[in-house]
$ cat start26.txt   # compact mmCIF, C-alpha atoms
# COMPACT_ATOMS: atom_id res chain seq x y z
CA MET A 1 -96.66 -93.26 -165.66
CA ILE A 2 -93.46 -95.04 -164.71
CA GLU A 3 -92.47 -95.02 -161.07
CA PHE A 4 -89.66 -96.65 -159.16
CA GLU A 5 -87.49 -96.07 -156.17
CA LEU A 6 -83.79 -95.30 -156.31
CA GLN A 7 -81.56 -97.14 -153.87
CA VAL A 8 -79.80 -93.92 -152.92
CA SER A 9 -79.84 -92.05 -149.64
CA PRO A 10 -81.82 -88.74 -149.64
CA SER A 11 -78.79 -86.83 -148.30
CA PHE A 12 -76.80 -88.02 -151.31
CA LEU A 13 -79.55 -86.79 -153.63
CA GLU A 14 -79.82 -83.52 -151.77
CA ALA A 15 -76.20 -82.81 -152.60
CA LEU A 16 -76.20 -84.17 -156.14
CA LEU A 17 -79.40 -82.92 -157.73
CA PRO A 18 -78.51 -79.19 -157.49
CA PHE A 19 -75.10 -80.05 -158.96
CA LEU A 20 -76.69 -81.93 -161.88
CA GLY A 21 -79.13 -79.07 -162.44
CA LYS A 22 -76.26 -76.59 -162.58
CA VAL A 23 -74.23 -78.69 -165.03
CA PHE A 24 -77.33 -79.27 -167.15
CA ARG A 25 -77.94 -75.52 -167.45
CA GLU A 26 -74.34 -75.05 -168.52
CA THR A 27 -74.56 -77.54 -171.40
CA SER A 28 -75.34 -76.36 -174.87
CA GLY A 29 -78.78 -76.89 -176.35
CA ARG A 30 -76.93 -77.76 -179.55
CA PHE A 31 -74.96 -80.64 -178.07
CA ALA A 32 -75.99 -83.35 -180.56
CA GLU A 33 -75.75 -81.05 -183.55
CA GLU A 34 -72.22 -79.96 -182.59
CA ARG A 35 -71.04 -83.48 -181.95
CA PHE A 36 -72.72 -85.63 -184.59
CA ALA A 37 -71.97 -84.38 -188.08
CA PRO A 38 -74.02 -85.69 -191.01
CA PRO A 39 -72.34 -88.22 -193.31
CA ASP A 40 -70.37 -86.59 -196.09
CA SER A 41 -72.97 -86.41 -198.85
CA GLY A 42 -72.17 -83.15 -200.60
CA ASP A 43 -75.83 -82.32 -200.22
CA GLU A 44 -76.21 -79.01 -198.38
CA ASP A 45 -79.95 -79.46 -197.90
CA LEU A 46 -79.45 -82.84 -196.28
CA ASP A 47 -76.73 -81.43 -194.01
CA ALA A 48 -78.97 -78.54 -192.92
CA ALA A 49 -81.96 -80.83 -192.31
CA TRP A 50 -79.73 -83.20 -190.32
CA ARG A 51 -78.41 -80.44 -188.06
CA GLU A 52 -81.77 -78.76 -187.59
CA GLY A 53 -83.36 -82.13 -186.80
CA LEU A 54 -80.80 -82.85 -184.10
CA ILE A 55 -81.29 -79.39 -182.56
CA GLU A 56 -85.09 -79.80 -182.54
CA ASP A 57 -84.98 -83.35 -181.17
CA GLY A 58 -82.35 -82.32 -178.62
CA ARG A 59 -84.69 -79.62 -177.34
CA ALA A 60 -87.40 -82.21 -176.62
CA ASP A 61 -84.83 -84.42 -174.86
CA ARG A 62 -83.68 -81.58 -172.64
CA LEU A 63 -87.24 -80.61 -171.76
CA ALA A 64 -88.15 -84.16 -170.74
CA PHE A 65 -85.02 -84.46 -168.65
CA SER A 66 -85.58 -81.09 -166.97
CA ARG A 67 -89.13 -82.19 -166.04
CA LEU A 68 -87.70 -85.32 -164.44
CA LEU A 69 -84.98 -83.39 -162.64
CA GLY A 70 -87.47 -80.75 -161.45
CA ASN A 71 -89.91 -83.28 -160.02
CA PRO A 72 -89.77 -82.80 -156.19
CA LYS A 73 -90.24 -86.56 -155.70
CA LEU A 74 -86.79 -87.19 -157.17
CA ALA A 75 -85.18 -85.57 -154.12
CA GLN A 76 -86.93 -88.29 -152.04
CA GLY A 77 -85.48 -91.01 -154.29
CA GLN A 78 -88.68 -91.51 -156.27
CA VAL A 79 -88.44 -91.52 -160.07
CA GLU A 80 -91.76 -90.58 -161.62
CA ILE A 81 -92.03 -89.95 -165.33
CA PRO A 82 -94.77 -90.16 -168.00
CA VAL A 83 -94.18 -93.05 -170.42
CA ASP A 84 -94.09 -90.60 -173.34
CA ASP A 85 -91.15 -88.77 -171.76
CA VAL A 86 -88.95 -91.82 -171.20
CA ASP A 87 -87.04 -91.96 -174.51
CA ASP A 88 -86.42 -88.22 -174.53
CA ALA A 89 -85.30 -88.21 -170.90
CA LEU A 90 -82.96 -91.17 -171.52
CA ARG A 91 -81.31 -89.24 -174.35
CA GLY A 92 -81.12 -86.09 -172.22
CA MET A 93 -79.36 -88.05 -169.49
CA THR A 94 -76.93 -89.57 -171.98
CA GLU A 95 -76.07 -86.07 -173.14
CA LEU A 96 -75.36 -84.98 -169.59
CA ARG A 97 -73.27 -88.10 -168.89
CA ILE A 98 -71.15 -87.43 -171.97
CA HIS A 99 -70.72 -83.84 -170.81
CA LEU A 100 -69.68 -84.96 -167.32
CA ARG A 101 -67.28 -87.52 -168.80
CA GLU A 102 -65.56 -84.91 -170.89
CA HIS A 103 -65.45 -82.12 -168.36
CA GLY A 104 -65.71 -83.12 -164.69
CA LEU A 105 -64.21 -86.57 -165.27
CA ASN A 106 -61.59 -85.87 -167.91
CA SER A 107 -58.80 -86.82 -165.51
CA VAL A 108 -60.18 -90.37 -165.15
CA SER A 109 -59.22 -93.02 -167.71
CA ASP A 110 -61.87 -94.73 -169.85
CA GLU A 111 -60.77 -98.09 -168.52
CA ASP A 112 -61.16 -97.12 -164.86
CA LEU A 113 -64.50 -95.51 -165.51
CA GLU A 114 -65.82 -98.49 -167.41
CA ASN A 115 -64.63 -101.05 -164.89
CA GLY A 116 -65.62 -98.93 -161.91
CA ARG A 117 -62.06 -99.30 -160.54
CA ILE A 118 -61.93 -95.86 -159.06
CA ARG A 119 -60.58 -95.04 -155.63
CA ILE A 120 -63.10 -92.44 -154.61
CA GLU A 121 -61.02 -91.28 -151.65
CA ASN A 122 -58.19 -90.32 -154.00
CA LEU A 123 -60.33 -88.10 -156.19
CA PRO A 124 -60.43 -84.33 -155.71
CA GLN A 125 -63.77 -83.07 -154.38
CA ASN A 126 -65.01 -81.67 -157.70
CA VAL A 127 -64.17 -84.90 -159.59
CA ARG A 128 -65.82 -86.93 -156.85
CA VAL A 129 -69.08 -84.98 -157.19
CA ALA A 130 -68.97 -85.35 -160.99
CA TYR A 131 -68.41 -89.08 -160.60
CA PHE A 132 -71.35 -89.51 -158.24
CA GLY A 133 -73.54 -87.48 -160.59
CA TYR A 134 -72.42 -89.68 -163.47
CA ILE A 135 -73.28 -92.82 -161.48
CA LEU A 136 -76.64 -91.44 -160.33
CA LEU A 137 -77.67 -90.72 -163.92
CA ALA A 138 -76.65 -94.26 -164.89
CA GLU A 139 -78.74 -95.60 -162.02
CA ILE A 140 -81.80 -93.69 -163.23
CA GLN A 141 -81.20 -94.82 -166.82
CA GLU A 142 -80.87 -98.46 -165.76
CA GLY A 143 -84.10 -98.20 -163.80
CA LEU A 144 -86.00 -96.65 -166.71
CA ILE A 145 -84.70 -99.23 -169.20
CA ARG A 146 -85.67 -102.01 -166.83
CA GLU A 147 -89.16 -100.55 -166.43
CA ILE A 148 -89.83 -100.14 -170.16
CA SER A 149 -88.46 -103.55 -171.06
CA MET B 1 -71.40 -88.09 -222.71
CA ARG B 2 -71.63 -91.11 -224.97
CA ILE B 3 -74.31 -91.04 -227.65
CA LEU B 4 -75.18 -94.14 -229.57
CA SER B 5 -75.65 -92.76 -233.02
CA PRO B 6 -78.07 -94.36 -235.47
CA PHE B 7 -75.57 -93.40 -238.13
CA PRO B 8 -72.50 -95.41 -237.31
CA LEU B 9 -71.04 -94.88 -240.72
CA LEU B 10 -71.25 -91.15 -240.29
CA GLU B 11 -69.61 -91.43 -236.88
CA ASN B 12 -66.80 -93.50 -238.27
CA SER B 13 -66.26 -91.29 -241.25
CA LEU B 14 -63.48 -88.81 -241.51
CA PHE B 15 -66.03 -86.09 -240.99
CA SER B 16 -66.60 -86.03 -237.31
CA ILE B 17 -70.06 -84.93 -236.35
CA THR B 18 -70.43 -81.79 -234.33
CA PHE B 19 -72.07 -81.45 -230.91
CA PHE B 20 -74.96 -79.73 -232.68
CA GLN B 21 -75.43 -82.66 -235.04
CA LYS B 22 -75.36 -85.02 -232.11
CA LEU B 23 -78.04 -82.93 -230.45
CA ILE B 24 -80.27 -83.19 -233.52
CA ILE B 25 -79.70 -86.93 -233.75
CA SER B 26 -80.49 -87.46 -230.12
CA SER B 27 -83.67 -85.38 -230.33
CA LEU B 28 -84.81 -87.29 -233.38
CA PHE B 29 -84.04 -90.62 -231.77
CA PRO B 30 -84.88 -90.27 -228.11
CA GLU B 31 -83.85 -93.86 -227.39
CA THR B 32 -80.31 -92.83 -228.17
CA GLU B 33 -80.25 -90.45 -225.18
CA THR B 34 -78.13 -91.45 -222.23
CA LEU B 35 -77.72 -89.93 -218.82
CA PRO B 36 -74.64 -87.82 -218.21
CA GLU B 37 -71.86 -89.88 -216.61
CA VAL B 38 -71.88 -87.76 -213.46
CA GLU B 39 -75.54 -88.54 -212.87
CA THR B 40 -75.11 -92.26 -213.39
CA GLU B 41 -72.14 -92.25 -211.02
CA GLU B 42 -74.30 -90.58 -208.38
CA GLN B 43 -77.00 -93.16 -208.93
CA ASP B 44 -74.45 -95.96 -208.64
CA GLU B 45 -73.23 -94.45 -205.37
CA LEU B 46 -76.78 -94.40 -204.02
CA LEU B 47 -77.52 -97.94 -205.09
CA ARG B 48 -74.31 -99.58 -203.94
CA PRO B 49 -74.42 -101.04 -200.42
CA TRP B 50 -73.43 -98.90 -197.45
CA LYS B 51 -72.58 -100.05 -193.96
CA VAL B 52 -73.97 -98.51 -190.80
CA LEU B 53 -71.22 -98.65 -188.20
CA VAL B 54 -71.29 -97.99 -184.48
CA VAL B 55 -68.05 -97.48 -182.59
CA ASN B 56 -67.41 -97.98 -178.91
CA ASP B 57 -67.72 -95.16 -176.44
CA PRO B 58 -66.86 -95.29 -172.77
CA VAL B 59 -70.04 -93.58 -171.59
CA ASN B 60 -73.14 -95.43 -172.70
CA LEU B 61 -74.45 -98.30 -170.64
CA MET B 62 -74.62 -101.74 -172.22
CA SER B 63 -78.35 -101.93 -171.50
CA TYR B 64 -78.81 -98.54 -173.16
CA VAL B 65 -76.96 -99.63 -176.32
CA VAL B 66 -78.98 -102.86 -176.53
CA MET B 67 -82.21 -100.90 -176.10
CA VAL B 68 -81.22 -98.44 -178.85
CA PHE B 69 -80.32 -101.23 -181.31
CA ARG B 70 -83.69 -102.84 -180.63
CA LYS B 71 -85.59 -99.61 -181.12
CA VAL B 72 -83.72 -98.41 -184.21
CA PHE B 73 -83.24 -101.68 -186.11
CA GLY B 74 -86.04 -103.75 -184.63
CA TYR B 75 -83.52 -106.39 -183.52
CA ASP B 76 -84.49 -108.94 -180.92
CA GLU B 77 -82.66 -109.09 -177.59
CA THR B 78 -80.14 -111.70 -178.84
CA GLN B 79 -79.21 -109.83 -182.02
CA ALA B 80 -78.99 -106.50 -180.24
CA THR B 81 -76.82 -107.97 -177.48
CA HIS B 82 -74.55 -109.61 -180.08
CA HIS B 83 -73.94 -106.22 -181.75
CA MET B 84 -73.49 -104.46 -178.42
CA LYS B 85 -70.82 -107.02 -177.45
CA GLU B 86 -69.09 -106.56 -180.79
CA VAL B 87 -68.98 -102.81 -180.22
CA HIS B 88 -67.72 -103.31 -176.68
CA GLU B 89 -65.12 -105.99 -177.40
CA LEU B 90 -63.97 -105.20 -180.94
CA GLY B 91 -64.48 -101.45 -180.86
CA ARG B 92 -67.07 -101.41 -183.64
CA SER B 93 -69.92 -103.30 -185.20
CA VAL B 94 -71.65 -103.25 -188.57
CA LEU B 95 -75.31 -102.88 -187.72
CA TRP B 96 -76.84 -102.84 -191.14
CA ILE B 97 -75.91 -102.97 -194.83
CA GLY B 98 -78.04 -101.57 -197.63
CA GLU B 99 -78.97 -98.55 -199.70
CA ARG B 100 -77.48 -95.23 -198.75
CA GLU B 101 -80.71 -93.37 -198.14
CA GLN B 102 -81.96 -95.88 -195.61
CA ALA B 103 -78.49 -96.13 -194.07
CA GLU B 104 -78.49 -92.35 -193.57
CA GLY B 105 -81.82 -92.65 -191.78
CA TYR B 106 -80.36 -95.20 -189.39
CA VAL B 107 -77.27 -93.10 -188.71
CA TYR B 108 -79.48 -90.10 -187.96
CA GLN B 109 -81.49 -92.11 -185.44
CA LEU B 110 -78.32 -93.41 -183.80
CA HIS B 111 -76.96 -89.86 -183.57
CA ARG B 112 -80.24 -88.84 -182.01
CA TRP B 113 -79.58 -91.45 -179.31
CA ARG B 114 -76.05 -89.97 -178.99
CA LEU B 115 -74.26 -93.07 -180.29
CA GLN B 116 -71.13 -92.74 -182.42
CA ALA B 117 -72.37 -93.98 -185.77
CA SER B 118 -71.12 -93.52 -189.31
CA LEU B 119 -71.56 -94.66 -192.89
CA GLU B 120 -68.99 -96.60 -194.86
CA LYS B 121 -69.03 -98.02 -198.37
CA ASP B 122 -69.39 -101.77 -198.39
CA ASP B 123 -66.48 -102.85 -200.55

$ encode --input "start26.txt" --output "structure tokens"
Amino acid sequence: MIEFELQVSPSFLEALLPFLGKVFRETSGRFAEERFAPPDSGDEDLDAAWREGLIEDGRADRLAFSRLLGNPKLAQGQVEIPVDDVDDALRGMTELRIHLREHGLNSVSDEDLENGRIRIENLPQNVRVAYFGYILLAEIQEGLIREIS
Amino acid sequence: MRILSPFPLLENSLFSITFFQKLIISSLFPETETLPEVETEEQDELLRPWKVLVVNDPVNLMSYVVMVFRKVFGYDETQATHHMKEVHELGRSVLWIGEREQAEGYVYQLHRWRLQASLEKDD
């Protein structure tokens, strides 16, 4: 089991976790399959196996991430996850971050997002929440990567 | 289809041999059989080197990309970091070069980790 503490205030988490849960439920279970097309091979069987594989693997990723998100300890700032779930949960979080980037944060430039040069006070409320959710997921990912290294 | 006939004189004669005659010749002399050109082209395509490319994306963390390169390609920290920096600074990096089938396997794994990866012929 991997456990670590997030350096985030519980009131922040209280507001963000329901938001992340809502966005997660809105995302498609076919995210990877829709986004990552197989290389052009002219082989229909390969294409089908590729797409089905991504759907199946994506399902495992979403399940692991939903277990992490549904763990009541997370609301207290405690990340607790079985070692076997880590890779899947990391991928599930990446999926959600890409979704947030393209939907809630589509008004923010790549450069600003990457450099963290964002004036929070200038952002509309909904973009601000998406940004904090995006940062929180990154924080959890960083922690998990650090723990498994 | 090019058939190496054991009867070159016949081939060069004014009497061109028919497809049927060629079929008989090739069945009598199996060593004269050759693969259809289409098939050999496909085999050439599979055997020629292919590049596995990863392009930059604004979402994934540097530590995440390094971790994925280590897991997928078995790179050490230094190699993985070198490729991550290439992706970040130059917009793309060639992660691996080799046979198409194996390259496809790598691209699949990278897609599974939600990285923008593709295959390109190594010219």

$ atom_distance --input "start26.txt" --atom1 "atom CA of A:Gly116" --atom2 "atom CA of A:Ile135"
9.8 Å

$ atom_distance --input "start26.txt" --atom1 "atom CA of A:Glu3" --atom2 "atom CA of B:Val66"
22.0 Å

$ closest_residue --input "start26.txt" --among "B:Tyr106, B:Pro58, B:Asp122, B:Ala80" --to "A:Val108" --atoms "only C-alpha atoms"
B:Pro58

$ closest_residue --input "start26.txt" --among "B:Trp96, B:Trp50, B:Trp113, B:Phe69" --to "chain A" --atoms "all atoms listed in the file"
B:Trp113

$ interface_residues --input "start26.txt" --of "chain B" --to "chain A" --cutoff "9 Å" --atoms "all atoms listed in the file" --output "list in words"
Asp57, Pro58, Val59, Asn60, Leu61, Ser63, Tyr64, Met67, Glu104, Val107, Tyr108, His111, Arg112, Trp113, Arg114, Leu115, Gln116, Ala117, Ser118 and Leu119 of chain B

$ atom_distance --input "start26.txt" --atom1 "atom CA of A:Gln76" --atom2 "atom CA of A:Met1"
17.5 Å

$ residues_near_point --input "start26.txt" --point "(-68.9, -83.1, -161.3)" --cutoff "7 Å" --atoms "all atoms listed in the file" --output "ChimeraX atom specification"
/A:100,104,126-131,133
